[in-house]
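**Q** Structure: query.cif, mmCIF, C-alpha atoms.
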data_coords
loop_
_atom_site.label_atom_id
_atom_site.label_comp_id
_atom_site.auth_asym_id
_atom_site.auth_seq_id
_atom_site.Cartn_x
_atom_site.Cartn_y
_atom_site.Cartn_z
CA MET S 126 0.00 0.00 0.00
CA LYS S 127 2.79 2.38 0.97
CA ASN S 128 4.56 1.54 -2.29
CA ILE S 129 1.50 2.24 -4.36
CA LEU S 130 1.11 5.60 -2.64
CA LEU S 131 4.76 6.36 -3.31
CA VAL S 132 4.39 5.45 -6.99
CA LEU S 133 1.24 7.58 -7.22
CA PHE S 134 3.07 10.45 -5.55
CA PHE S 135 5.92 10.32 -8.09
CA LEU S 136 3.53 9.92 -10.99
CA THR S 137 1.48 12.94 -10.01
CA THR S 138 4.49 15.13 -9.24
CA ASN S 139 5.96 14.12 -12.60
CA LEU S 140 2.74 14.96 -14.37
CA LEU S 141 2.51 18.31 -12.61
CA SER S 142 6.09 19.24 -13.35
CA ALA S 143 5.70 18.13 -16.98
CA GLN S 144 3.03 20.78 -17.42
CA VAL S 145 5.25 23.63 -16.27
CA PRO S 146 7.46 24.84 -19.14
CA ALA S 147 11.20 24.34 -18.59
CA GLY S 148 12.82 27.22 -16.73
CA TYR S 149 9.49 28.54 -15.44
CA LYS S 150 7.53 28.17 -12.21
CA LEU S 151 3.88 28.75 -11.43
CA VAL S 152 2.82 32.31 -10.53
CA LYS S 153 1.55 32.19 -6.96
CA ASP S 154 -0.55 35.35 -6.83
CA THR S 155 -2.40 35.37 -10.15
CA ILE S 156 -4.91 37.99 -8.96
CA ALA S 157 -2.15 40.52 -8.26
CA PHE S 158 -0.60 39.76 -11.67
CA LYS S 159 -3.92 40.27 -13.47
CA GLN S 160 -4.50 43.56 -11.65
CA LYS S 161 -1.02 44.76 -12.62
CA MET S 162 -1.61 43.78 -16.28
CA GLU S 163 -4.93 45.60 -16.29
CA ALA S 164 -3.43 48.73 -14.72
CA GLN S 165 -0.58 48.73 -17.30
CA SER S 166 -3.01 48.22 -20.16
CA LYS S 167 -5.06 51.23 -18.98
CA LEU S 168 -1.96 53.45 -19.29
CA ILE S 169 -1.68 52.70 -23.00
CA SER S 170 -3.55 54.86 -25.51
CA THR S 171 -1.47 54.06 -28.60
CA LEU S 172 1.11 51.43 -29.40
CA GLU S 173 3.31 50.63 -32.35
CA SER S 174 5.99 48.07 -32.97
CA ASP S 175 7.93 46.09 -35.55
CA PHE S 176 7.33 42.37 -35.65
CA ILE S 177 8.90 39.23 -37.04
CA GLN S 178 6.56 36.31 -37.65
CA GLU S 179 7.90 32.76 -37.90
CA LYS S 180 5.78 29.91 -39.17
CA TYR S 181 7.11 26.50 -38.20
CA LEU S 182 5.80 23.52 -40.16
CA SER S 183 7.30 20.22 -39.01
CA VAL S 184 7.56 18.86 -42.57
CA MET S 185 9.48 21.87 -43.87
CA SER S 186 13.21 22.22 -43.26
CA GLU S 187 13.04 25.98 -42.79
CA LYS S 188 10.62 28.41 -41.16
CA ILE S 189 8.55 30.88 -43.17
CA ILE S 190 9.63 34.31 -41.96
CA SER S 191 7.58 37.46 -42.57
CA LYS S 192 8.32 40.94 -41.24
CA GLY S 193 6.10 43.90 -40.63
CA HIS S 194 4.88 46.72 -38.44
CA PHE S 195 1.74 47.36 -36.44
CA HIS S 196 -0.11 50.40 -35.06
CA PHE S 197 -2.74 50.23 -32.34
CA LYS S 198 -4.97 52.95 -30.98
CA LYS S 199 -7.65 52.78 -28.34
CA VAL S 200 -10.39 51.87 -28.72
CA ASN S 201 -10.34 48.99 -31.17
CA MET S 202 -8.15 50.34 -33.98
CA LEU S 203 -5.36 48.19 -35.36
CA ARG S 204 -3.20 48.34 -38.48
CA TRP S 205 -1.24 45.11 -38.99
CA GLU S 206 1.05 45.28 -41.97
CA TYR S 207 3.47 42.83 -43.61
CA ASN S 208 6.30 44.37 -45.66
CA ASP S 209 8.69 41.52 -46.32
CA PRO S 210 8.78 39.27 -48.33
CA TYR S 211 5.28 40.35 -49.42
CA LYS S 212 2.90 43.24 -48.83
CA TYR S 213 -0.33 42.50 -47.00
CA LEU S 214 -2.32 44.70 -44.69
CA ILE S 215 -5.17 44.11 -42.26
CA ALA S 216 -6.75 47.11 -40.56
CA ILE S 217 -9.45 47.03 -37.92
CA ASN S 218 -11.38 50.21 -37.25
CA LYS S 219 -14.10 49.71 -34.64
CA ASN S 220 -16.55 47.39 -36.42
CA LYS S 221 -14.96 47.58 -39.88
CA MET S 222 -12.16 45.44 -41.21
CA PHE S 223 -10.01 46.29 -44.24
CA ILE S 224 -7.72 43.93 -46.11
CA LYS S 225 -5.29 45.27 -48.70
CA ASP S 226 -3.73 42.62 -50.88
CA ASN S 227 -2.10 43.07 -54.32
CA GLY S 228 -3.18 46.73 -54.23
CA LYS S 229 -6.83 45.69 -53.90
CA VAL S 230 -8.78 46.84 -50.82
CA SER S 231 -11.64 44.75 -49.42
CA LYS S 232 -13.86 46.10 -46.67
CA TYR S 233 -15.84 43.91 -44.28
CA ASP S 234 -18.29 44.42 -41.47
CA ILE S 235 -16.74 42.57 -38.54
CA ASN S 236 -20.09 41.65 -37.03
CA SER S 237 -21.22 40.02 -40.28
CA ASN S 238 -18.66 37.25 -40.00
CA LYS S 239 -17.91 35.06 -36.99
CA MET S 240 -14.35 34.42 -38.15
CA PHE S 241 -13.55 38.14 -38.58
CA LYS S 242 -15.03 38.80 -35.16
CA SER S 243 -12.74 36.25 -33.51
CA ILE S 244 -9.69 37.44 -35.51
CA ASN S 245 -10.45 40.98 -34.35
CA GLU S 246 -10.84 39.99 -30.70
CA MET S 247 -7.72 37.85 -30.73
CA MET S 248 -5.49 40.45 -32.44
CA ILE S 249 -6.67 43.40 -30.33
CA ASN S 250 -6.44 41.43 -27.09
CA THR S 251 -3.04 40.00 -28.00
CA VAL S 252 -1.38 43.35 -28.65
CA GLN S 253 -3.00 44.79 -25.53
CA GLY S 254 -2.15 41.74 -23.45
CA THR S 255 -5.79 41.49 -22.32
CA LEU S 256 -6.45 38.06 -23.82
CA LEU S 257 -6.28 36.60 -20.30
CA ASN S 258 -9.63 38.20 -19.48
CA SER S 259 -11.40 36.41 -22.31
CA LYS S 260 -13.96 33.79 -21.31
CA ASP S 261 -13.03 31.77 -24.40
CA TYR S 262 -9.70 30.64 -22.93
CA LYS S 263 -8.47 28.81 -19.88
CA ALA S 264 -5.38 30.59 -18.55
CA LYS S 265 -2.28 29.29 -16.77
CA PHE S 266 0.35 31.62 -15.35
CA TYR S 267 4.11 30.95 -15.16
CA GLU S 268 7.15 33.12 -14.54
CA ASN S 269 10.94 33.19 -14.60
CA ASP S 270 13.38 36.06 -13.90
CA LYS S 271 12.54 38.00 -17.05
CA PHE S 272 9.09 36.97 -18.21
CA TYR S 273 5.60 36.06 -17.23
CA LEU S 274 4.41 33.28 -19.49
CA LEU S 275 0.68 33.01 -20.02
CA GLU S 276 -0.66 29.85 -21.54
CA LEU S 277 -4.17 30.19 -22.92
CA SER S 278 -6.05 27.12 -24.08
CA PRO S 279 -9.19 27.68 -26.15
CA LEU S 280 -12.41 26.33 -24.65
CA GLN S 281 -14.65 26.50 -27.71
CA LYS S 282 -14.81 23.47 -29.95
CA GLY S 283 -14.30 25.38 -33.21
CA ALA S 284 -11.14 27.07 -31.94
CA LYS S 285 -9.77 23.82 -30.45
CA ASP S 286 -9.67 22.30 -33.96
CA PHE S 287 -6.89 24.61 -35.09
CA LEU S 288 -5.38 25.96 -31.86
CA LYS S 289 -3.90 23.99 -28.97
CA VAL S 290 -2.49 26.84 -26.93
CA ILE S 291 -1.47 30.50 -27.17
CA GLN S 292 1.66 31.48 -25.23
CA LEU S 293 2.14 35.14 -24.34
CA TYR S 294 5.60 36.17 -23.11
CA ILE S 295 5.18 39.30 -21.00
CA ASN S 296 8.22 41.33 -20.07
CA LYS S 297 8.52 41.81 -16.29
CA THR S 298 10.05 45.30 -16.63
CA ASP S 299 7.16 47.00 -18.44
CA TYR S 300 4.47 44.31 -18.72
CA ALA S 301 4.63 44.48 -22.53
CA VAL S 302 3.96 41.45 -24.72
CA ASP S 303 7.38 40.59 -26.20
CA LYS S 304 6.39 37.40 -27.99
CA VAL S 305 3.27 35.45 -28.91
CA LYS S 306 3.33 31.80 -29.92
CA MET S 307 0.25 30.08 -31.32
CA ILE S 308 0.61 26.31 -31.23
CA GLU S 309 -1.64 24.10 -33.36
CA PRO S 310 -2.88 20.62 -32.34
CA SER S 311 -0.18 19.15 -34.65
CA ASP S 312 2.52 21.17 -32.77
CA ASP S 313 3.18 23.32 -35.82
CA TYR S 314 3.26 26.91 -34.62
CA THR S 315 3.31 30.60 -35.50
CA SER S 316 5.46 32.84 -33.31
CA ILE S 317 5.55 36.64 -33.42
CA ASP S 318 8.40 38.62 -31.84
CA PHE S 319 7.87 42.33 -31.19
CA SER S 320 10.65 44.95 -31.18
CA ASN S 321 11.09 48.77 -31.30
CA ARG S 322 7.96 49.25 -29.28
CA LYS S 323 6.65 52.81 -28.86
CA THR S 324 3.80 53.70 -26.54
CA ASN S 325 1.50 56.71 -26.39
CA GLN S 326 2.93 58.47 -29.48
CA PRO S 327 0.22 60.31 -31.45
CA ILE S 328 -1.22 58.20 -34.30
CA ALA S 329 -3.77 59.77 -36.66
CA ASP S 330 -7.11 57.99 -37.09
CA GLU S 331 -6.49 58.02 -40.88
CA LYS S 332 -3.84 55.34 -40.33
CA PHE S 333 -6.72 52.92 -39.70
CA ILE S 334 -8.72 53.78 -42.81
CA ILE S 335 -7.48 51.99 -45.90
CA LYS S 336 -8.31 53.25 -49.39
CA MET N 102 -30.27 29.14 -101.08
CA LYS N 103 -31.47 29.85 -97.58
CA ASN N 104 -31.07 26.17 -96.75
CA LEU N 105 -27.61 26.12 -98.25
CA LEU N 106 -26.58 29.10 -96.11
CA LEU N 107 -28.07 27.50 -93.06
CA SER N 108 -26.39 24.15 -93.71
CA SER N 109 -23.01 25.74 -94.39
CA PHE N 110 -23.42 27.79 -91.21
CA ILE N 111 -24.21 24.60 -89.27
CA ALA N 112 -21.27 22.86 -90.94
CA ILE N 113 -18.91 25.68 -89.95
CA LEU N 114 -20.30 25.71 -86.44
CA PHE N 115 -20.01 21.95 -86.19
CA SER N 116 -16.45 21.83 -87.45
CA ALA N 117 -15.47 24.72 -85.17
CA CYS N 118 -16.89 22.82 -82.22
CA HIS N 119 -15.29 19.62 -83.30
CA PHE N 120 -11.79 20.87 -83.94
CA GLY N 121 -12.08 23.73 -81.48
CA HIS N 122 -8.87 25.28 -80.30
CA TYR N 123 -6.69 22.33 -81.27
CA GLY N 124 -7.75 21.98 -84.93
CA SER N 125 -4.72 23.86 -86.22
CA LEU N 126 -2.14 21.62 -84.53
CA THR N 127 0.01 19.39 -86.71
CA LYS N 128 1.09 16.01 -85.47
CA THR N 129 4.83 15.41 -85.37
CA ALA N 130 6.76 12.14 -84.95
CA THR N 131 8.99 13.40 -82.16
CA ALA N 132 9.11 16.31 -79.70
CA SER N 133 11.21 19.26 -80.83
CA ALA N 134 11.65 20.46 -77.22
CA SER N 135 11.56 18.16 -74.21
CA LEU N 136 9.04 18.40 -71.39
CA LYS N 137 10.50 18.49 -67.87
CA PRO N 138 8.67 18.77 -64.54
CA ILE N 139 8.91 22.40 -63.38
CA PHE N 140 9.68 21.46 -59.77
CA GLY N 141 12.31 18.98 -61.01
CA ASP N 142 14.15 16.75 -58.62
CA ASN N 143 15.34 19.26 -56.11
CA PHE N 144 14.48 19.00 -52.49
CA ASN N 145 14.11 22.72 -51.86
CA SER N 146 10.92 24.21 -50.60
CA PHE N 147 9.12 26.79 -52.73
CA LEU N 148 7.09 29.60 -51.18
CA PHE N 149 4.31 31.32 -53.11
CA LYS N 150 2.07 34.25 -52.25
CA THR N 151 -1.22 32.72 -53.27
CA ASN N 152 -4.76 33.79 -54.03
CA ILE N 153 -7.56 31.29 -54.48
CA THR N 154 -10.78 32.83 -55.79
CA VAL N 155 -13.71 30.43 -55.69
CA TYR N 156 -17.24 31.54 -56.58
CA GLY N 157 -16.50 35.15 -55.56
CA LYS N 158 -14.75 34.26 -52.29
CA ASP N 159 -11.11 35.21 -52.06
CA TYR N 160 -8.66 33.25 -49.93
CA SER N 161 -5.20 34.70 -49.79
CA GLY N 162 -2.17 33.24 -48.11
CA LEU N 163 1.14 31.46 -48.52
CA LEU N 164 1.54 28.13 -50.29
CA VAL N 165 4.64 26.04 -49.58
CA THR N 166 5.69 23.02 -51.61
CA LYS N 167 8.39 20.67 -50.44
CA GLN N 168 9.74 17.57 -52.10
CA MET N 169 10.21 14.95 -49.35
CA SER N 170 11.63 12.16 -51.53
CA PRO N 171 11.45 11.35 -55.26
CA GLN N 172 7.77 11.53 -56.28
CA ASN N 173 6.69 12.62 -52.79
CA TYR N 174 5.56 16.22 -52.23
CA ARG N 175 3.97 18.05 -49.32
CA VAL N 176 1.89 21.14 -50.16
CA ILE N 177 0.65 23.42 -47.34
CA PHE N 178 -1.50 26.54 -47.60
CA THR N 179 -1.61 29.00 -44.66
CA THR N 180 -3.04 32.49 -44.25
CA GLU N 181 -0.62 35.44 -44.00
CA LEU N 182 -1.30 35.41 -40.25
CA GLY N 183 -0.09 31.81 -40.05
CA MET N 184 -3.35 29.86 -39.80
CA LYS N 185 -3.12 26.58 -41.70
CA LEU N 186 -5.87 26.17 -44.32
CA PHE N 187 -4.90 22.85 -45.89
CA ASP N 188 -2.07 20.32 -45.85
CA PHE N 189 -1.80 17.90 -48.80
CA GLU N 190 0.61 15.05 -49.49
CA PHE N 191 1.21 13.60 -52.95
CA LYS N 192 3.10 10.31 -53.14
CA ASP N 193 3.37 8.69 -56.58
CA THR N 194 -0.30 8.63 -57.57
CA ALA N 195 -1.63 8.51 -53.98
CA PHE N 196 -3.08 11.55 -52.23
CA THR N 197 -3.36 12.16 -48.46
CA LEU N 198 -5.32 14.98 -46.88
CA HIS N 199 -3.47 15.73 -43.62
CA TYR N 200 -5.49 18.77 -42.61
CA CYS N 201 -8.17 21.06 -43.91
CA VAL N 202 -10.28 23.90 -42.44
CA PRO N 203 -14.08 23.64 -42.89
CA GLN N 204 -14.08 26.37 -45.61
CA PHE N 205 -12.08 24.07 -47.89
CA ASN N 206 -13.48 20.78 -46.67
CA LYS N 207 -15.90 20.32 -49.57
CA PRO N 208 -15.23 17.13 -51.53
CA LYS N 209 -15.69 18.66 -55.02
CA LEU N 210 -13.60 21.76 -54.30
CA LEU N 211 -10.83 19.73 -52.61
CA LYS N 212 -10.71 17.33 -55.55
CA VAL N 213 -10.35 20.18 -58.06
CA ILE N 214 -7.57 21.89 -56.07
CA GLN N 215 -5.84 18.51 -55.56
CA LYS N 216 -5.95 17.80 -59.34
CA ASP N 217 -4.66 21.30 -60.15
CA ILE N 218 -1.68 20.92 -57.83
CA GLU N 219 -1.04 17.42 -59.21
CA THR N 220 -0.94 18.91 -62.70
CA ILE N 221 1.77 21.41 -61.81
CA LEU N 222 3.77 18.90 -59.72
CA MET N 223 3.84 16.58 -62.80
CA ASN N 224 4.62 13.63 -60.56
CA ASP N 225 3.48 10.91 -62.98
CA LEU N 226 5.03 12.36 -66.13
CA ASN N 227 7.41 9.43 -66.66
CA LYS N 228 4.50 6.97 -66.57
CA LYS N 229 2.58 8.76 -69.33
CA THR N 230 2.61 8.16 -73.07
CA PHE N 231 2.65 11.22 -75.28
CA GLU N 232 1.68 12.37 -78.72
CA TYR N 233 3.52 15.36 -80.16
CA PHE N 234 2.23 18.35 -82.11
CA SER N 235 3.38 21.65 -83.53
CA ASP N 236 1.36 24.89 -83.71
CA SER N 237 0.87 26.76 -86.99
CA GLU N 238 3.50 29.36 -86.07
CA MET N 239 5.97 26.65 -85.02
CA LEU N 240 6.61 28.37 -81.68
CA TYR N 241 5.84 25.45 -79.42
CA SER N 242 6.55 21.79 -79.03
CA ILE N 243 3.19 20.46 -77.83
CA HIS N 244 3.00 17.31 -75.73
CA LYS N 245 -0.40 15.67 -75.41
CA THR N 246 -1.27 12.97 -72.90
CA LYS N 247 -4.39 11.36 -71.48
CA ASN N 248 -5.44 12.44 -68.01
CA GLY N 249 -8.42 10.23 -67.10
CA LYS N 250 -11.20 11.13 -69.54
CA MET N 251 -9.47 14.41 -70.29
CA ASP N 252 -6.39 15.43 -72.26
CA ASN N 253 -3.48 17.54 -71.08
CA TYR N 254 -1.63 19.65 -73.63
CA TYR N 255 1.79 20.93 -72.52
CA PHE N 256 3.15 23.84 -74.57
CA VAL N 257 6.97 24.01 -74.41
CA GLU N 258 8.35 27.15 -76.06
CA LYS N 259 11.02 26.11 -78.55
CA SER N 260 13.19 29.22 -78.18
CA SER N 261 13.42 29.19 -74.37
CA LEU N 262 12.68 25.47 -73.73
CA HIS N 263 10.30 26.68 -70.99
CA LEU N 264 6.89 25.15 -70.37
CA GLN N 265 4.61 28.16 -71.01
CA LYS N 266 1.17 26.66 -70.56
CA ILE N 267 -0.76 23.53 -69.80
CA GLU N 268 -4.26 23.11 -71.12
CA HIS N 269 -6.60 20.63 -69.54
CA ALA N 270 -9.24 19.80 -72.16
CA LYS N 271 -12.20 17.51 -72.68
CA LYS N 272 -13.00 16.50 -76.25
CA ARG N 273 -10.71 19.31 -77.44
CA ARG N 274 -12.51 21.95 -75.39
CA LYS N 275 -10.43 23.84 -72.84
CA LYS N 276 -11.54 23.25 -69.25
CA THR N 277 -8.56 24.65 -67.39
CA ASN N 278 -5.64 26.85 -68.40
CA PHE N 279 -2.34 26.81 -66.55
CA THR N 280 -0.15 29.77 -67.52
CA LEU N 281 3.49 29.66 -66.43
CA SER N 282 5.37 32.92 -66.89
CA ASN N 283 8.15 35.19 -65.67
CA TYR N 284 10.80 32.44 -65.62
CA GLN N 285 13.67 33.02 -63.19
CA ASN N 286 16.52 30.50 -63.21
CA ASP N 287 14.34 28.10 -65.21
CA PHE N 288 11.46 28.30 -62.75
CA PRO N 289 8.18 30.13 -63.46
CA ALA N 290 7.72 32.89 -60.84
CA ASN N 291 4.04 33.28 -61.79
CA ILE N 292 1.61 30.40 -62.20
CA LEU N 293 -2.01 31.18 -63.00
CA ILE N 294 -4.63 28.42 -62.97
CA GLN N 295 -7.89 29.52 -64.58
CA HIS N 296 -10.89 27.21 -64.74
CA HIS N 297 -13.44 27.76 -67.50
CA ASP N 298 -16.24 25.44 -66.35
CA ILE N 299 -16.31 26.51 -62.68
CA LYS N 300 -15.59 29.87 -61.06
CA LEU N 301 -12.18 29.04 -59.71
CA LYS N 302 -8.88 30.85 -60.14
CA ILE N 303 -5.59 30.09 -58.41
CA GLU N 304 -2.67 32.52 -58.60
CA LEU N 305 0.78 31.52 -57.37
CA ASN N 306 3.50 34.15 -57.18
CA LEU N 307 6.92 32.89 -56.15
CA LEU N 308 8.42 34.56 -53.07
CA LYS N 309 11.46 32.33 -52.77
CA LYS N 310 12.88 28.92 -53.45
#
Please render this file's structure as structure tokens.

**A**
Amino acid sequence: MKNILLVLFFLTTNLLSAQVPAGYKLVKDTIAFKQKMEAQSKLISTLESDFIQEKYLSVMSEKIISKGHFHFKKVNMLRWEYNDPYKYLIAINKNKMFIKDNGKVSKYDINSNKMFKSINEMMINTVQGTLLNSKDYKAKFYENDKFYLLELSPLQKGAKDFLKVIQLYINKTDYAVDKVKMIEPSDDYTSIDFSNRKTNQPIADEKFIIK
Amino acid sequence: MKNLLLSSFIAILFSACHFGHYGSLTKTATASASLKPIFGDNFNSFLFKTNITVYGKDYSGLLVTKQMSPQNYRVIFTTELGMKLFDFEFKDTAFTLHYCVPQFNKPKLLKVIQKDIETILMNDLNKKTFEYFSDSEMLYSIHKTKNGKMDNYYFVEKSSLHLQKIEHAKKRRKKTNFTLSNYQNDFPANILIQHHDIKLKIELNLLKK
């Protein structure tokens, strides 16, 4: 009996430790962390940054790398733009969404399409770091010396089909999202690294209207 | 007289339908320019900025092709934001669907896209028997082969030795046009697949190989 308990003890501790990413430990006071994130997010009125997106596909020998720049302005305005190796632009302006591809602009009503609505919510909440408040995800909180690592697992069936977990790496110095990694059920992933971040610089509303 | 006019009109119409686009081709004993698979035997991956327009809906993204082993290709289509739309594998003549989002998971549409990609991969070329033709201006060496109930015509430009177009035809009527242009280091940087019987267009623009 004692042996069985011992085995069970090791099994469960192994299972628990297997869930914590290497080099990280669980955040003890998640409420304080959430409050801090919320307070930091409230201080931001505009945000812009360069980004490098890497798409990892297990069957391919190299990653697909795309580079771009984004602008964000409260409330609900986002311009997400790829410049290299192709030009592609998504802009969200309240309830409108613009896509510019090959010089052609398409305009959509976000509320008319479930997919656009979830893209909008995910992108806006990711750049703001407020995805943890969404009811559509189950959140786990980890930390090391430099980062908080948030792991968000989708709860809705539709989302679970193409997304296993979203990892947000949040810098401990300024509570900014430094990196986002979206892992698919197959373990292929898309990671986005942000750099040259500027906060609260004036950005004209025209930046979010695409013609 | 009226009847004669009518009958000659019908005759012209009939012969035009019968010979269609391919009536002016002359059969030749051999090919004057050889037909080679555009992806060849190199194990690089190719990345294309891609637009698929199907019945007015536009899907844009990145298409990657990768040769895994001889006659084995993996072809994956993702959105610019990284979301995977489909993942196909072609091995000899077998096809495996590894993944597909609901928007593409329609048997007829999947089959058409699968066949189109198979046509440009040219995986089974060495198993095919060909007839050869020349056009009236002698610009192309034309290779014709059976593809199920259909015919594929491959137009190899004699001056450049580049495959410029593939026409997928049924009873000599064009069903699908594949236009290969803007060759860079013997690889077409632009591939346009235009269907004539359904509203489907696929544009592939090479980003890198």

**Q** Mind running chain N against chain S at 9 Å and telling me each contacting residue's nearest atom pair with the distance in Å (one decimal), counting only C-alpha atoms, chain and number ascending, as CSV?

**A**
residue,atom,partner,partner_atom,distance
N:Asn145,CA,S:Ser186,CA,8.7
N:Ser146,CA,S:Met185,CA,7.3
N:Leu148,CA,S:Ile189,CA,8.2
N:Lys150,CA,S:Tyr211,CA,7.5
N:Ser161,CA,S:Asp226,CA,8.1
N:Val165,CA,S:Met185,CA,8.6
N:Thr166,CA,S:Met185,CA,8.7
N:Lys167,CA,S:Met185,CA,6.8
N:Met169,CA,S:Val184,CA,8.3
N:Arg175,CA,S:Val184,CA,7.7
N:Ile177,CA,S:Leu182,CA,8.8
N:Glu181,CA,S:Tyr213,CA,7.7
N:Leu182,CA,S:Thr315,CA,8.2
N:Gly183,CA,S:Thr315,CA,5.8
N:Met184,CA,S:Phe287,CA,7.9
N:Lys185,CA,S:Phe287,CA,7.9
N:Val202,CA,S:Phe287,CA,8.1
N:Leu308,CA,S:Pro210,CA,6.7
N:Lys309,CA,S:Pro210,CA,8.7

**Q** Compute the distance from (-8.9, 37.4, -34.6) to each atom, counting all atoms listed in the file, keep the residues with any atom at most 12 Å away, and return them as a PDB file with C-alpha atoms, in the frame of the given file; use the coordinates of the file.

**A**
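Written out: out.pdb:
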ATOM      1  CA  LEU S 203      -5.360  48.190 -35.360  1.00  0.00           C
ATOM      2  CA  TRP S 205      -1.240  45.110 -38.990  1.00  0.00           C
ATOM      3  CA  ILE S 215      -5.170  44.110 -42.260  1.00  0.00           C
ATOM      4  CA  ALA S 216      -6.750  47.110 -40.560  1.00  0.00           C
ATOM      5  CA  ILE S 217      -9.450  47.030 -37.920  1.00  0.00           C
ATOM      6  CA  MET S 222     -12.160  45.440 -41.210  1.00  0.00           C
ATOM      7  CA  ILE S 235     -16.740  42.570 -38.540  1.00  0.00           C
ATOM      8  CA  ASN S 238     -18.660  37.250 -40.000  1.00  0.00           C
ATOM      9  CA  LYS S 239     -17.910  35.060 -36.990  1.00  0.00           C
ATOM     10  CA  MET S 240     -14.350  34.420 -38.150  1.00  0.00           C
ATOM     11  CA  PHE S 241     -13.550  38.140 -38.580  1.00  0.00           C
ATOM     12  CA  LYS S 242     -15.030  38.800 -35.160  1.00  0.00           C
ATOM     13  CA  SER S 243     -12.740  36.250 -33.510  1.00  0.00           C
ATOM     14  CA  ILE S 244      -9.690  37.440 -35.510  1.00  0.00           C
ATOM     15  CA  ASN S 245     -10.450  40.980 -34.350  1.00  0.00           C
ATOM     16  CA  GLU S 246     -10.840  39.990 -30.700  1.00  0.00           C
ATOM     17  CA  MET S 247      -7.720  37.850 -30.730  1.00  0.00           C
ATOM     18  CA  MET S 248      -5.490  40.450 -32.440  1.00  0.00           C
ATOM     19  CA  ILE S 249      -6.670  43.400 -30.330  1.00  0.00           C
ATOM     20  CA  ASN S 250      -6.440  41.430 -27.090  1.00  0.00           C
ATOM     21  CA  THR S 251      -3.040  40.000 -28.000  1.00  0.00           C
ATOM     22  CA  VAL S 252      -1.380  43.350 -28.650  1.00  0.00           C
ATOM     23  CA  LEU S 256      -6.450  38.060 -23.820  1.00  0.00           C
ATOM     24  CA  ALA S 284     -11.140  27.070 -31.940  1.00  0.00           C
TER      25      ALA S 284
ATOM     26  CA  LEU N 182      -1.300  35.410 -40.250  1.00  0.00           C
ATOM     27  CA  GLY N 183      -0.090  31.810 -40.050  1.00  0.00           C
ATOM     28  CA  MET N 184      -3.350  29.860 -39.800  1.00  0.00           C
TER      29      MET N 184
END

**Q** With distances taken over all atoms listed in the file, which residue among S:Lys153, S:Lys161, S:Arg204, S:Lys285 lies nearest Phe223 (chain S)?

**A** S:Arg204

**Q** Could you tell me how far CA of Asn248 (chain N) sits from CA of His122 (chain N), in Å to one decimal place?

**A** 18.1 Å

**Q** Considering all atoms listed in the file, state which residue in the set S:Asn220, S:Ser320, S:Thr298, S:Thr255 is at the smallest distance from Ile169 (chain S).

**A**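 Smallest separation from Ile169 (chain S) among the options: S:Thr255.
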
**Q** Which one of S:Gln165, S:Ser237, S:Asp261, S:Lys199 sits closest to Lys282 (chain S) if you count only C-alpha atoms?

**A**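 For Lys282 (chain S), the nearest of the given residues is S:Asp261.
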